[in-house]
Structures are given as C-alpha cells and as structure tokens.
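Here's final11.cif, which has mmCIF, C-alpha atoms:
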data_upload
loop_
_atom_site.label_atom_id
_atom_site.label_comp_id
_atom_site.auth_asym_id
_atom_site.auth_seq_id
_atom_site.Cartn_x
_atom_site.Cartn_y
_atom_site.Cartn_z
CA MET A 1 0.00 0.00 0.00
CA ASN A 2 1.55 3.36 -0.98
CA PRO A 3 1.70 6.25 1.51
CA SER A 4 -0.98 8.33 -0.19
CA GLN A 5 -3.37 5.39 -0.14
CA GLN A 6 -2.62 4.89 3.54
CA GLN A 7 -3.36 8.53 4.27
CA LYS A 8 -6.58 8.31 2.32
CA ASN A 9 -7.68 5.27 4.29
CA GLN A 10 -6.85 6.96 7.57
CA ALA A 11 -8.82 10.01 6.56
CA GLN A 12 -11.78 7.83 5.63
CA MET A 13 -11.66 6.06 8.98
CA MET A 14 -11.55 9.36 10.83
CA THR A 15 -14.53 10.77 8.95
CA ALA A 16 -16.41 7.54 9.59
CA ALA A 17 -15.68 7.84 13.30
CA ALA A 18 -16.80 11.47 13.33
CA GLN A 19 -19.99 10.58 11.52
CA THR A 20 -20.89 7.78 13.87
CA PHE A 21 -23.18 8.58 16.72
CA THR A 22 -25.45 6.86 19.19
CA LEU A 23 -29.16 7.02 19.71
CA LYS A 24 -31.76 5.00 21.59
CA ILE A 25 -34.20 2.63 19.94
CA ASP A 26 -36.73 1.14 22.35
CA GLY A 27 -34.50 2.07 25.25
CA LYS A 28 -31.44 0.34 23.80
CA ASP A 29 -28.30 2.29 22.85
CA VAL A 30 -27.46 1.76 19.17
CA THR A 31 -24.82 3.14 16.85
CA ALA A 32 -25.66 4.78 13.55
CA SER A 33 -23.74 6.56 10.84
CA ALA A 34 -24.76 9.80 9.20
CA GLY A 35 -27.30 9.41 6.45
CA GLN A 36 -28.88 6.27 7.85
CA THR A 37 -32.61 6.21 8.35
CA ILE A 38 -34.26 5.07 11.57
CA LEU A 39 -35.47 1.98 9.71
CA GLU A 40 -31.96 1.06 8.57
CA VAL A 41 -30.52 1.44 12.06
CA ALA A 42 -33.42 -0.52 13.56
CA ARG A 43 -32.93 -3.37 11.09
CA GLU A 44 -29.19 -3.48 11.73
CA ASN A 45 -29.98 -3.92 15.40
CA GLY A 46 -32.62 -6.57 14.99
CA VAL A 47 -35.57 -4.29 15.72
CA ASP A 48 -38.49 -5.13 13.46
CA ILE A 49 -40.51 -2.17 12.18
CA PRO A 50 -43.42 -3.16 9.90
CA VAL A 51 -43.39 -1.82 6.32
CA LEU A 52 -45.47 -2.23 3.18
CA CYS A 53 -44.39 0.43 0.67
CA PHE A 54 -40.72 0.20 1.59
CA VAL A 55 -38.61 -2.42 -0.09
CA GLU A 56 -34.86 -2.62 0.14
CA GLY A 57 -33.21 -1.60 -3.13
CA LEU A 58 -35.78 1.01 -4.20
CA SER A 59 -36.10 4.67 -3.33
CA VAL A 60 -38.03 5.62 -0.21
CA TRP A 61 -41.68 6.52 -0.71
CA GLY A 62 -43.12 6.87 2.80
CA ALA A 63 -46.72 6.33 1.75
CA CYS A 64 -48.01 3.34 3.70
CA ARG A 65 -47.32 4.90 7.13
CA LEU A 66 -46.95 1.48 8.76
CA CYS A 67 -43.41 2.28 9.87
CA LEU A 68 -44.52 5.28 11.94
CA VAL A 69 -42.49 5.56 15.15
CA GLU A 70 -42.54 7.83 18.16
CA VAL A 71 -39.56 10.13 18.60
CA VAL A 72 -39.17 11.76 22.01
CA GLY A 73 -39.50 15.53 21.62
CA SER A 74 -41.57 15.32 18.41
CA ASN A 75 -45.29 15.85 18.79
CA LYS A 76 -46.02 13.93 15.58
CA LEU A 77 -45.27 10.40 14.53
CA LEU A 78 -42.44 10.02 12.00
CA THR A 79 -41.90 7.45 9.26
CA ALA A 80 -38.90 5.30 10.12
CA CYS A 81 -38.15 4.72 6.42
CA ALA A 82 -37.89 8.43 5.57
CA THR A 83 -36.49 9.96 8.76
CA ALA A 84 -32.74 10.25 9.24
CA ALA A 85 -31.40 8.92 12.50
CA ALA A 86 -29.85 11.67 14.62
CA GLU A 87 -27.57 11.83 17.61
CA ASN A 88 -29.26 11.28 20.99
CA MET A 89 -32.58 10.62 19.30
CA GLU A 90 -34.93 8.46 21.39
CA VAL A 91 -37.08 6.27 19.17
CA VAL A 92 -40.01 4.11 20.26
CA THR A 93 -40.99 1.54 17.62
CA ASN A 94 -43.61 -0.33 19.56
CA SER A 95 -46.27 1.16 21.80
CA GLU A 96 -49.96 0.73 22.38
CA ARG A 97 -50.62 3.87 20.34
CA LEU A 98 -48.44 2.75 17.39
CA HIS A 99 -50.06 -0.69 17.43
CA ARG A 100 -53.51 0.91 17.31
CA TYR A 101 -52.51 3.22 14.43
CA ARG A 102 -50.90 0.41 12.45
CA LYS A 103 -53.96 -1.77 12.89
CA THR A 104 -56.22 1.03 11.71
CA ILE A 105 -53.98 1.66 8.68
CA LEU A 106 -54.28 -2.02 7.77
CA GLU A 107 -58.04 -1.88 8.27
CA MET A 108 -58.27 1.12 5.95
CA LEU A 109 -56.28 -0.75 3.30
CA PHE A 110 -58.67 -3.71 3.51
CA ALA A 111 -61.78 -1.50 3.50
CA GLU A 112 -60.63 0.74 0.64
CA ARG A 113 -60.59 -1.84 -2.18
CA ASN A 114 -61.75 -5.42 -2.68
CA HIS A 115 -59.36 -7.84 -1.02
CA PHE A 116 -60.99 -11.26 -1.02
CA CYS A 117 -58.07 -13.23 0.41
CA ALA A 118 -59.68 -16.64 0.00
CA VAL A 119 -59.89 -16.32 -3.80
CA CYS A 120 -56.70 -14.31 -4.38
CA PHE A 121 -53.73 -15.64 -6.37
CA SER A 122 -51.43 -14.42 -3.62
CA ASN A 123 -53.29 -16.12 -0.75
CA GLY A 124 -50.60 -17.29 1.63
CA HIS A 125 -47.88 -15.24 -0.09
CA CYS A 126 -49.25 -11.75 0.51
CA GLU A 127 -47.52 -9.11 2.61
CA LEU A 128 -50.79 -7.32 3.43
CA GLN A 129 -52.40 -10.54 4.63
CA ALA A 130 -49.33 -11.52 6.66
CA MET A 131 -49.14 -8.04 8.16
CA ALA A 132 -52.78 -8.25 9.24
CA GLN A 133 -52.17 -11.56 10.97
CA LYS A 134 -49.02 -10.26 12.62
CA HIS A 135 -50.94 -7.34 14.07
CA GLY A 136 -53.75 -9.55 15.34
CA LEU A 137 -56.21 -7.98 12.90
CA ASP A 138 -59.13 -10.41 13.18
CA HIS A 139 -61.75 -8.16 11.58
CA VAL A 140 -62.16 -4.74 9.95
CA HIS A 141 -64.35 -2.41 11.98
CA LEU A 142 -64.63 0.18 9.18
CA LEU A 143 -67.31 -0.20 6.53
CA TYR A 144 -66.04 -1.84 3.34
CA ARG A 145 -66.34 0.43 0.31
CA TYR A 146 -66.65 -2.23 -2.43
CA PRO A 147 -65.53 0.07 -5.29
CA LYS A 148 -66.12 -1.25 -8.79
CA LEU A 149 -62.60 -1.64 -10.16
CA PHE A 150 -61.36 -3.47 -13.21
CA ILE A 151 -58.76 -6.07 -14.01
CA ASP A 152 -56.30 -5.48 -16.86
CA SER A 153 -55.54 -8.84 -18.45
CA SER A 154 -54.37 -7.38 -21.76
CA HIS A 155 -50.72 -8.27 -21.20
CA ASP A 156 -49.54 -11.63 -22.55
CA ARG A 157 -47.82 -12.67 -19.35
CA PHE A 158 -49.06 -10.53 -16.48
CA ARG A 159 -52.27 -9.38 -14.88
CA LYS A 160 -53.08 -6.14 -13.05
CA ASP A 161 -55.97 -6.25 -10.59
CA HIS A 162 -56.81 -2.84 -9.15
CA ASN A 163 -59.05 -4.50 -6.56
CA ARG A 164 -55.98 -5.76 -4.72
CA CYS A 165 -53.72 -2.73 -5.15
CA ILE A 166 -52.69 -0.80 -2.03
CA LEU A 167 -50.91 1.97 -4.00
CA CYS A 168 -47.51 1.27 -2.45
CA THR A 169 -45.92 2.26 -5.83
CA ARG A 170 -43.24 -0.40 -5.58
CA CYS A 171 -44.06 -1.35 -9.20
CA VAL A 172 -43.72 2.27 -10.33
CA ARG A 173 -40.34 2.64 -8.63
CA VAL A 174 -38.86 -0.69 -9.76
CA CYS A 175 -39.94 -0.01 -13.35
CA ASP A 176 -38.35 3.43 -13.31
CA GLU A 177 -35.30 2.95 -11.09
CA ILE A 178 -34.20 -0.59 -11.88
CA GLU A 179 -35.62 -1.51 -15.27
CA GLY A 180 -35.44 2.07 -16.55
CA ALA A 181 -38.64 1.74 -18.56
CA HIS A 182 -41.01 3.86 -16.43
CA THR A 183 -44.04 2.16 -17.92
CA LYS A 184 -46.01 2.44 -14.70
CA ASP A 185 -47.05 5.56 -12.87
CA VAL A 186 -49.84 6.88 -10.66
CA GLN A 187 -52.90 8.63 -12.05
CA GLY A 188 -55.29 10.68 -9.92
CA ARG A 189 -55.07 11.67 -6.31
CA GLY A 190 -55.95 10.24 -2.92
CA ILE A 191 -58.49 7.48 -2.86
CA SER A 192 -59.02 7.67 -6.65
CA SER A 193 -55.35 7.06 -7.43
CA MET A 194 -54.73 4.28 -9.93
CA ILE A 195 -51.60 2.58 -11.21
CA ILE A 196 -51.51 3.11 -14.98
CA ASP A 197 -49.33 1.94 -17.85
CA ASP A 198 -47.87 4.50 -20.26
CA LEU A 199 -50.58 7.08 -21.02
CA ASN A 200 -53.28 5.11 -19.22
CA GLN A 201 -53.63 2.47 -21.89
CA PRO A 202 -54.06 -1.30 -21.58
CA TRP A 203 -50.86 -2.87 -20.25
CA GLY A 204 -50.69 -5.19 -23.24
CA GLU A 205 -50.59 -2.20 -25.60
CA SER A 206 -47.76 -0.48 -23.75
CA GLU A 207 -44.84 0.43 -26.01
CA THR A 208 -42.39 0.88 -23.13
CA CYS A 209 -43.03 -2.28 -21.09
CA THR A 210 -40.18 -4.74 -21.55
CA ALA A 211 -42.16 -7.59 -19.95
CA CYS A 212 -39.35 -8.05 -17.43
CA GLY A 213 -41.80 -8.88 -14.63
CA LYS A 214 -39.97 -6.96 -11.91
CA CYS A 215 -43.15 -5.08 -10.99
CA VAL A 216 -44.96 -8.38 -10.39
CA HIS A 217 -42.32 -9.63 -8.00
CA VAL A 218 -42.04 -6.50 -5.88
CA CYS A 219 -45.83 -6.18 -5.60
CA PRO A 220 -46.71 -7.02 -1.98
CA THR A 221 -50.22 -8.28 -2.79
CA GLY A 222 -52.07 -10.06 -5.59
CA ALA A 223 -52.49 -6.81 -7.56
CA LEU A 224 -49.77 -7.81 -10.01
CA THR A 225 -49.55 -11.51 -10.82
CA GLU A 226 -48.20 -13.84 -13.47
CA LYS A 227 -50.79 -15.40 -15.73
CA GLY A 228 -51.13 -19.16 -15.46
CA THR A 229 -50.88 -19.28 -11.70
CA ALA A 230 -53.67 -20.63 -9.53
CA VAL A 231 -54.81 -19.35 -6.13
CA GLY A 232 -51.96 -19.69 -3.64
CA GLU A 233 -49.34 -20.36 -6.32
CA MET A 234 -48.17 -16.80 -6.96
CA VAL A 235 -44.92 -16.73 -4.99
CA LYS A 236 -43.11 -13.41 -5.28
CA LYS A 237 -39.36 -13.56 -5.84
CA GLN A 238 -37.68 -10.35 -4.74
CA GLN A 239 -34.14 -11.72 -4.62
CA PHE A 240 -33.24 -10.00 -7.89
CA LEU A 241 -33.38 -6.53 -6.29
CA PRO A 242 -30.38 -6.65 -3.93
CA TYR A 243 -28.46 -8.61 -6.57
CA LEU A 244 -29.05 -6.04 -9.31
CA ASN A 245 -28.19 -3.18 -6.96
CA LEU A 246 -24.96 -4.91 -5.94
CA MET A 247 -23.98 -5.47 -9.57
CA ARG A 248 -24.77 -1.87 -10.39
CA GLU A 249 -22.69 -0.54 -7.49
CA ALA A 250 -19.78 -2.75 -8.54
CA ARG A 251 -19.95 -1.38 -12.07
CA GLU A 252 -20.07 2.23 -10.87
CA GLU A 253 -16.93 1.72 -8.79
CA MET B 1 -82.14 -32.87 33.27
CA SER B 2 -79.27 -33.78 35.57
CA THR B 3 -77.40 -31.12 37.54
CA ALA B 4 -74.28 -31.79 35.50
CA ALA B 5 -76.16 -31.03 32.30
CA ALA B 6 -77.71 -27.92 33.81
CA THR B 7 -74.30 -26.39 34.51
CA LYS B 8 -72.96 -27.13 31.04
CA ILE B 9 -72.21 -24.24 28.70
CA LYS B 10 -74.93 -23.87 26.05
CA LEU B 11 -73.36 -23.72 22.60
CA ALA B 12 -75.18 -22.98 19.35
CA THR B 13 -73.96 -22.75 15.76
CA VAL B 14 -75.75 -20.89 12.98
CA TRP B 15 -75.30 -21.03 9.23
CA LEU B 16 -76.07 -17.81 7.31
CA ASP B 17 -74.73 -17.04 3.79
CA GLY B 18 -71.75 -19.39 3.73
CA CYS B 19 -70.84 -22.68 2.11
CA SER B 20 -70.96 -24.77 5.34
CA GLY B 21 -67.20 -25.23 5.08
CA CYS B 22 -66.72 -23.53 8.45
CA HIS B 23 -69.06 -26.06 10.04
CA MET B 24 -67.21 -28.89 8.25
CA SER B 25 -63.92 -27.60 9.62
CA PHE B 26 -65.48 -27.48 13.10
CA LEU B 27 -66.40 -31.15 12.69
CA ASP B 28 -62.73 -31.76 11.84
CA LEU B 29 -62.07 -31.36 15.56
CA ASP B 30 -62.67 -35.13 15.29
CA GLU B 31 -62.08 -36.94 18.61
CA ARG B 32 -61.88 -33.59 20.40
CA LEU B 33 -65.64 -33.30 19.73
CA ILE B 34 -66.14 -36.02 22.35
CA GLU B 35 -64.09 -34.00 24.81
CA LEU B 36 -66.11 -30.93 23.90
CA ALA B 37 -69.41 -32.78 24.35
CA ALA B 38 -68.48 -33.34 27.97
CA LEU B 39 -68.16 -29.58 28.48
CA VAL B 40 -70.94 -28.07 26.37
CA ASP B 41 -74.50 -28.74 25.31
CA VAL B 42 -75.02 -28.10 21.62
CA VAL B 43 -78.51 -26.63 21.87
CA TYR B 44 -78.98 -25.46 18.27
CA SER B 45 -76.99 -26.19 15.11
CA PRO B 46 -77.30 -27.52 11.56
CA THR B 47 -75.71 -30.64 13.05
CA VAL B 48 -78.41 -31.25 15.69
CA ASP B 49 -82.16 -31.61 15.42
CA SER B 50 -83.55 -28.71 17.41
CA LYS B 51 -85.99 -26.45 15.54
CA GLU B 52 -86.05 -23.43 17.85
CA PHE B 53 -83.17 -21.23 18.85
CA PRO B 54 -83.27 -21.25 22.68
CA PRO B 55 -83.57 -17.95 24.57
CA ASP B 56 -80.47 -18.28 26.78
CA VAL B 57 -77.45 -19.47 24.81
CA ASP B 58 -73.98 -18.87 26.22
CA VAL B 59 -71.93 -19.01 23.02
CA THR B 60 -73.10 -18.93 19.40
CA LEU B 61 -70.78 -19.52 16.45
CA VAL B 62 -72.08 -17.81 13.29
CA GLU B 63 -70.95 -18.86 9.84
CA GLY B 64 -71.69 -16.80 6.76
CA ALA B 65 -72.37 -13.22 5.72
CA VAL B 66 -75.65 -11.38 6.16
CA SER B 67 -76.98 -11.39 2.60
CA ASN B 68 -80.77 -11.52 2.74
CA GLU B 69 -83.61 -10.45 5.04
CA GLU B 70 -83.75 -13.86 6.69
CA ASP B 71 -80.02 -13.71 7.54
CA LEU B 72 -80.54 -10.31 9.14
CA HIS B 73 -83.56 -11.54 11.09
CA LYS B 74 -81.61 -14.56 12.35
CA ALA B 75 -78.57 -12.47 13.23
CA ARG B 76 -80.69 -10.11 15.32
CA MET B 77 -82.57 -12.97 16.97
CA ILE B 78 -79.45 -14.92 17.95
CA ARG B 79 -77.76 -11.75 19.17
CA ALA B 80 -80.67 -11.09 21.50
CA ARG B 81 -80.52 -14.65 22.82
CA THR B 82 -76.74 -15.12 23.10
CA LYS B 83 -74.17 -13.98 25.63
CA ILE B 84 -71.08 -14.31 23.41
CA LEU B 85 -71.45 -14.12 19.65
CA VAL B 86 -68.54 -15.49 17.60
CA SER B 87 -68.15 -14.78 13.87
CA ILE B 88 -66.54 -17.85 12.35
CA GLY B 89 -64.91 -17.78 8.92
CA ASP B 90 -64.20 -15.08 6.39
CA CYS B 91 -67.82 -14.74 5.16
CA ALA B 92 -69.03 -13.82 8.65
CA VAL B 93 -65.87 -11.80 9.40
CA THR B 94 -65.24 -9.95 6.11
CA GLY B 95 -68.14 -10.75 3.76
CA ASN B 96 -65.74 -12.79 1.60
CA VAL B 97 -67.23 -14.65 -1.38
CA PRO B 98 -70.89 -13.65 -0.80
CA ALA B 99 -69.70 -10.02 -0.75
CA MET B 100 -68.07 -10.29 -4.17
CA ARG B 101 -71.50 -9.49 -5.61
CA ASN B 102 -71.37 -6.14 -3.80
CA LEU B 103 -69.46 -4.75 -6.77
CA PHE B 104 -72.69 -4.98 -8.77
CA ASP B 105 -76.16 -3.70 -8.00
CA ARG B 106 -78.98 -6.15 -7.45
CA GLU B 107 -80.63 -5.52 -10.81
CA GLU B 108 -77.43 -6.45 -12.67
CA LEU B 109 -77.10 -9.50 -10.45
CA PHE B 110 -80.66 -10.76 -10.99
CA ALA B 111 -80.41 -10.16 -14.71
CA ARG B 112 -77.27 -12.27 -14.95
CA ALA B 113 -78.40 -15.02 -12.59
CA TYR B 114 -82.02 -15.46 -13.62
CA ASP B 115 -82.63 -13.82 -17.01
CA GLU B 116 -79.45 -14.42 -19.00
CA ASN B 117 -78.37 -17.80 -17.71
CA SER B 118 -81.52 -19.49 -16.43
CA THR B 119 -82.94 -22.50 -18.24
CA LEU B 120 -86.23 -22.39 -16.36
CA PRO B 121 -88.94 -23.24 -18.91
CA VAL B 122 -91.70 -21.03 -17.47
CA PRO B 123 -90.99 -17.37 -16.91
CA GLY B 124 -92.58 -15.74 -13.87
CA PRO B 125 -95.69 -13.53 -14.11
CA ASP B 126 -93.55 -10.50 -14.90
CA GLY B 127 -91.95 -12.30 -17.83
CA LYS B 128 -88.69 -12.52 -15.93
CA ARG B 129 -87.33 -15.77 -14.57
CA ARG B 130 -86.91 -14.54 -11.03
CA PRO B 131 -88.14 -16.21 -7.87
CA THR B 132 -90.77 -14.11 -6.13
CA GLU B 133 -91.96 -16.62 -3.51
CA TYR B 134 -90.37 -18.82 -0.85
CA VAL B 135 -86.99 -17.10 -1.00
CA PRO B 136 -86.11 -14.23 1.31
CA PRO B 137 -85.48 -10.86 -0.37
CA LEU B 138 -81.83 -10.21 -1.15
CA ARG B 139 -80.34 -7.26 0.70
CA PRO B 140 -78.56 -4.56 -1.34
CA LYS B 141 -75.15 -5.71 -0.07
CA ALA B 142 -73.82 -8.83 1.64
CA ARG B 143 -72.31 -7.67 4.93
CA PRO B 144 -70.05 -9.05 7.64
CA VAL B 145 -72.06 -10.02 10.71
CA HIS B 146 -70.53 -7.28 12.88
CA GLU B 147 -71.85 -4.59 10.53
CA CYS B 148 -75.36 -5.77 11.45
CA VAL B 149 -75.17 -6.83 15.10
CA LYS B 150 -72.57 -6.63 17.85
CA VAL B 151 -69.99 -9.42 17.63
CA ASP B 152 -67.70 -10.37 20.52
CA VAL B 153 -65.09 -12.67 18.93
CA TRP B 154 -63.83 -13.03 15.36
CA VAL B 155 -62.28 -16.17 13.88
CA PRO B 156 -61.11 -15.41 10.32
CA GLY B 157 -60.20 -18.16 7.84
CA CYS B 158 -61.68 -19.84 4.81
CA PRO B 159 -62.36 -22.02 6.69
CA PRO B 160 -60.71 -21.51 10.08
CA PRO B 161 -58.63 -24.60 10.88
CA PRO B 162 -59.86 -26.92 13.69
CA GLU B 163 -56.97 -25.70 15.88
CA ALA B 164 -58.40 -22.17 15.77
CA TYR B 165 -61.82 -23.47 16.89
CA TRP B 166 -60.30 -25.51 19.66
CA TYR B 167 -58.32 -22.53 20.90
CA VAL B 168 -61.34 -20.21 20.77
CA VAL B 169 -63.76 -22.60 22.45
CA THR B 170 -61.33 -23.64 25.20
CA GLU B 171 -60.40 -20.00 25.88
CA LEU B 172 -64.07 -19.04 26.11
CA LEU B 173 -64.71 -21.97 28.44
CA ALA B 174 -61.85 -20.69 30.59
CA GLY B 175 -63.59 -17.32 30.76
CA ARG B 176 -61.25 -15.42 28.43
CA ILE B 177 -62.00 -13.52 25.20
CA PRO B 178 -59.62 -14.97 22.59
CA ASN B 179 -57.89 -13.48 19.56
CA PRO B 180 -57.04 -16.47 17.37
CA SER B 181 -54.51 -14.69 15.12
CA ALA B 182 -51.81 -17.19 16.04
CA PHE B 183 -53.90 -19.98 14.50
CA THR B 184 -55.65 -18.40 11.55
CA ARG B 185 -55.88 -15.36 9.25
CA PHE B 186 -57.96 -13.92 6.43
CA GLY B 187 -58.06 -16.44 3.59
CA LYS B 188 -56.46 -19.29 5.52
#
How would this structure read if it were set down as structure tokens?
Amino acid sequence: MNPSQQQKNQAQMMTAAAQTFTLKIDGKDVTASAGQTILEVARENGVDIPVLCFVEGLSVWGACRLCLVEVVGSNKLLTACATAAAENMEVVTNSERLHRYRKTILEMLFAERNHFCAVCFSNGHCELQAMAQKHGLDHVHLLYRYPKLFIDSSHDRFRKDHNRCILCTRCVRVCDEIEGAHTKDVQGRGISSMIIDDLNQPWGESETCTACGKCVHVCPTGALTEKGTAVGEMVKKQQFLPYLNLMREAREE
Amino acid sequence: MSTAAATKIKLATVWLDGCSGCHMSFLDLDERLIELAALVDVVYSPTVDSKEFPPDVDVTLVEGAVSNEEDLHKARMIRARTKILVSIGDCAVTGNVPAMRNLFDREELFARAYDENSTLPVPGPDGKRRPTEYVPPLRPKARPVHECVKVDVWVPGCPPPPEAYWYVVTELLAGRIPNPSAFTRFGK
C-alpha cells in the first residue's frame, strides 16, 4: 500500500468515526452513521418495524405509514423509512398507540378496495395478509367500500388487478429505477389514485413495457400476478433486487 | 335434566350465507368433539335436530355473511338470545365470497343469474325468470355479521382450521376472550 493510499484510508476512517453517533431505539443504545434512516438502524440492530411500501433496493416513498415511530420531543409520529437517525434521538418503535394506528392503517387498506383473500392468487404469499395476521387484525371495523374496479388482463404474461392494489408504488419505482422503462405511474389523487401503464392504456398495448416482470415480483399483494398461476401459487421472488443493486454498485466503482 | 347437564355451557352454531365449510372444519375437531361434548351442550346447530333457537345461549358460532332479510332476522334474533357471539370464517368476518357481488347492483345481479343464464322453462308472471316466492329478499349488499349486530369474537379463515376453533372454544370456556390470530388469518 503506498503512503498516499494509507493517508486516504486513515482520513476515511476518521470521517467515519466522526460521523458515527449513538441514539436510543426502544430504550437500547445503538450506533448509527450519518445518512442512515431510523429503519436502517433498527434493522441493523434486529428491531423489526413493519413496512409495506418500503422495499430494500428502491427509493423511499413513505406512503403506507406502517413504519410510523414515536420520537421523544416530536409531537407527531415520524416514518422510520424516511427519517434520518440523529444523535441522541430516542425512538419508540412499539407502543400501544403505534399498534392501534398500524392496525387502523391495515383496516383502511382492507376496506378501501376489494381484497378477497380466500380467492386471491397471492393467498398465503401476501404481505398485506401476513401483516394483518401479525398485528392480530381479526376483523375490519370500518365499513367496506366495495368500489367497482377493473382487471387489466391485456398483457400476454401478467395481470393487473386494481381491486388488490394498495398503491404502495413499488411497481412504479422498480420499473423506473431498476428496469429504466417507467411504464407504470400513478394517475389521480388520494383514494381515486390508480396505477396506470404508459398514457393510461391497456398494459398489453404499452410500447415501453419490456415484460421483465420486476413489478410483479415487488408487488406485496395479488395486484400484479403472473398469468397461469392458480390461487396460492403466486410466490413473489424479490431476490433480484439486492443482486441487481450490488452489480450496479460494482460497475459504478 | 341432571345437575351436570344444567351447569354445562350452552353452545349454538348458525349457518347464514356461507358454504358450510366452516361447520365442516369445526367437525374436523374429530375426537376432540367427544371431549367438547363433555363440556358443552349443543342446543342449536345444523348438526343437531332442534328447531327453535333457545332464549339463553352462552356461546353462538355464526358462519356466513348477512346477505338476505332472513339472515338479518336470524342475526338479530341470535344476538338477542346469546351472551357471546362469535363470527366464524371469512364470510361472517369480512363478507368474503358472498360479498363479491357487492361490486354490482342487485338488478345487474338478478339479470345475470335469472334472465341471461336461467334455463327455467316457465318465466314468472312478470316475464322474468326470477323467484318471487319462498326465497327471502336479497339485501342490497352482503355484509359481515358485525356490521349488522354486535360481535364479541372473530375467527377469520376460509375455513378456520380446527386448531383455531379448539383454541377459541377452550379459551371461552376458561372465561377469556380470545384473539385467534396465532392460528388463523384472512383467507387461511
């Protein structure tokens, strides 16, 4: 190792040390480095914070609000996925209030569209369903809306069912950030938001879709599925995401 | 009636708009049913031969959504006569398959079910092949039981596995209100 390289390494180590700080998560002292989110630090330290819109390898969206945490000194709840960890921060990831909020968020997701788990392709492999069970959600106390939504089966290989979409936008982000096609996007606002392809045309007629299927595999529910699968068979395979990101980082270096 | 029988918990099961699968799964308790019979009296159920729902039931398990006027009538009646009402299965808990018709209005539904696809040879008096007698009027939407009457315990699942029933019934017998999420979930 030449002297300049050694100096460089030393400098890097010193900056790293300066940028490392401690904070408390659920009463436990943990170490974080600058730029890390609360969620990242929590995961590094084996603290489980529930998420639905977040997926490792894609940009942060902060829409599902499941990862809300309490931060001492803040009068509002903050999203763990989109809030930077800070020195001496005191984070509470699990409290009666957070549990109640998370349960209600899940209930709103179930009530908003038509999730009939028993007849869904993703039954048994669905993150929304699993999250409900994990939170002890045994019924939805809000009135179901039963909106009349359609299914886009125009694509040769994939199916888009708006009934089961929770608008997490993972498909939009993976299509844009990883595949680079940006076929999918969000139309409308609030409760009338819809995931569309190109200029809101049938998926099968999209000129930009490369049929890579990444959107299907990051989708947490049965909203995006592969054709030819029966109920309970649609297993999502997200392993490609960390792999592609790793390869990309290696190439950039 | 012996004193032992008099102190037994009175259990009823009711079948609204469901496929009976939740009752079948309950029967899958198999030999545990014998154990259960020692602890409870099944006073009303599709599986026993009583015609009247008794006035003082301790625990009632309800399968199925509330889809027609008769379902609603039954739900209200059993609620009034039951201490602890348990929704069993996704139809009772979420609406599930019976509620899939909620995406359409009743007119569309009747047209598809009776006018377009029926092979009945004689149309009704209105020229439409729709039943007007002997069947209870369909309600505008199929609803989970708790949207119609107060429910105390929910057991999701399609159907809930026998283990979930066993857990719920034994917890209730022990005087606790159970949450069976460790044993079952929506769609299970």
Please, what distance in Å, to one decimal, runs between CA of Pro220 (chain A) and CA of Pro180 (chain B)? 23.9 Å
Between CA of Leu72 (chain B) and CA of Val43 (chain B), measure the distance and give it in Å to one decimal.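 Interatomic distance here is 20.8 Å.
When all atoms listed in the file are used to measure the gap to Ser193 (chain A), the shortest distance among A:Val218, A:Val30, A:Met247, A:Cys168 belongs to A:Cys168.
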Restrict the distance test to only C-alpha atoms, flag each residue of chain A within 7 Å of chain B, and return the flagged residues as a list in words.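 The contacting residues on chain A are Phe116, Cys117, Ala118, Asn123, Gln129, Gln133, Gly136, Asp138, His139, Tyr146, Pro147 and Lys148 of chain A.
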Write a file of the selected residues as a PDB file, in the coordinates of the input, keeping C-alpha atoms.
ATOM      1  CA  PHE A 116     -60.990 -11.260  -1.020  1.00  0.00           C
ATOM      2  CA  CYS A 117     -58.070 -13.230   0.410  1.00  0.00           C
ATOM      3  CA  ALA A 118     -59.680 -16.640   0.000  1.00  0.00           C
ATOM      4  CA  ASN A 123     -53.290 -16.120  -0.750  1.00  0.00           C
ATOM      5  CA  GLN A 129     -52.400 -10.540   4.630  1.00  0.00           C
ATOM      6  CA  GLN A 133     -52.170 -11.560  10.970  1.00  0.00           C
ATOM      7  CA  GLY A 136     -53.750  -9.550  15.340  1.00  0.00           C
ATOM      8  CA  ASP A 138     -59.130 -10.410  13.180  1.00  0.00           C
ATOM      9  CA  HIS A 139     -61.750  -8.160  11.580  1.00  0.00           C
ATOM     10  CA  TYR A 146     -66.650  -2.230  -2.430  1.00  0.00           C
ATOM     11  CA  PRO A 147     -65.530   0.070  -5.290  1.00  0.00           C
ATOM     12  CA  LYS A 148     -66.120  -1.250  -8.790  1.00  0.00           C
TER      13      LYS A 148
END
Quick one: of A:Glu252, A:Cys165, A:Thr31, A:Cys219, who's nearest to Lys237 (chain A), counting all atoms listed in the file?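 Among the listed residues, A:Cys219 lies closest to Lys237 (chain A).
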Which polymer residues have any atom within 8 Å of an atom of Val62 (chain B), counting all atoms listed in the file, with same-chain residues fewer than 6 positions away left out, as a PyMOL selection string? chain B and resi 13-16+85-88+92
C-alpha atoms of the current selection, written as a PDB file, in the frame of the given file:
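Done, and the output landed in part_6.pdb:
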ATOM      1  CA  THR B  13     -73.960 -22.750  15.760  1.00  0.00           C
ATOM      2  CA  VAL B  14     -75.750 -20.890  12.980  1.00  0.00           C
ATOM      3  CA  TRP B  15     -75.300 -21.030   9.230  1.00  0.00           C
ATOM      4  CA  LEU B  16     -76.070 -17.810   7.310  1.00  0.00           C
ATOM      5  CA  LEU B  85     -71.450 -14.120  19.650  1.00  0.00           C
ATOM      6  CA  VAL B  86     -68.540 -15.490  17.600  1.00  0.00           C
ATOM      7  CA  SER B  87     -68.150 -14.780  13.870  1.00  0.00           C
ATOM      8  CA  ILE B  88     -66.540 -17.850  12.350  1.00  0.00           C
ATOM      9  CA  ALA B  92     -69.030 -13.820   8.650  1.00  0.00           C
TER      10      ALA B  92
END
For the atom pair CA of Glu96 (chain A) and CA of Leu128 (chain A), what is the interatomic distance in Å to one decimal place? 20.6 Å
Show me the residues around (-73.7, -15.9, 22.8) - criterion: an atom at most 7 Å away, only C-alpha atoms counted - as a CSV table (one decimal) with C-alpha atoms, keeping the file's coordinate frame.
chain,number,residue,atom,x,y,z
B,57,VAL,CA,-77.4,-19.5,24.8
B,58,ASP,CA,-74.0,-18.9,26.2
B,59,VAL,CA,-71.9,-19.0,23.0
B,60,THR,CA,-73.1,-18.9,19.4
B,79,ARG,CA,-77.8,-11.8,19.2
B,81,ARG,CA,-80.5,-14.6,22.8
B,82,THR,CA,-76.7,-15.1,23.1
B,83,LYS,CA,-74.2,-14.0,25.6
B,84,ILE,CA,-71.1,-14.3,23.4
B,85,LEU,CA,-71.4,-14.1,19.6
Give me the residues within 12 Å of Asp28 (chain B) as a list in words, counting all atoms listed in the file and dropping any in the same chain fewer than 6 places off.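 Final neighbour list, sorted by chain and number: Gly21, Cys22, Ile34, Pro159, Pro160, Pro161, Pro162, Glu163, Ala164, Tyr165 and Trp166 of chain B.
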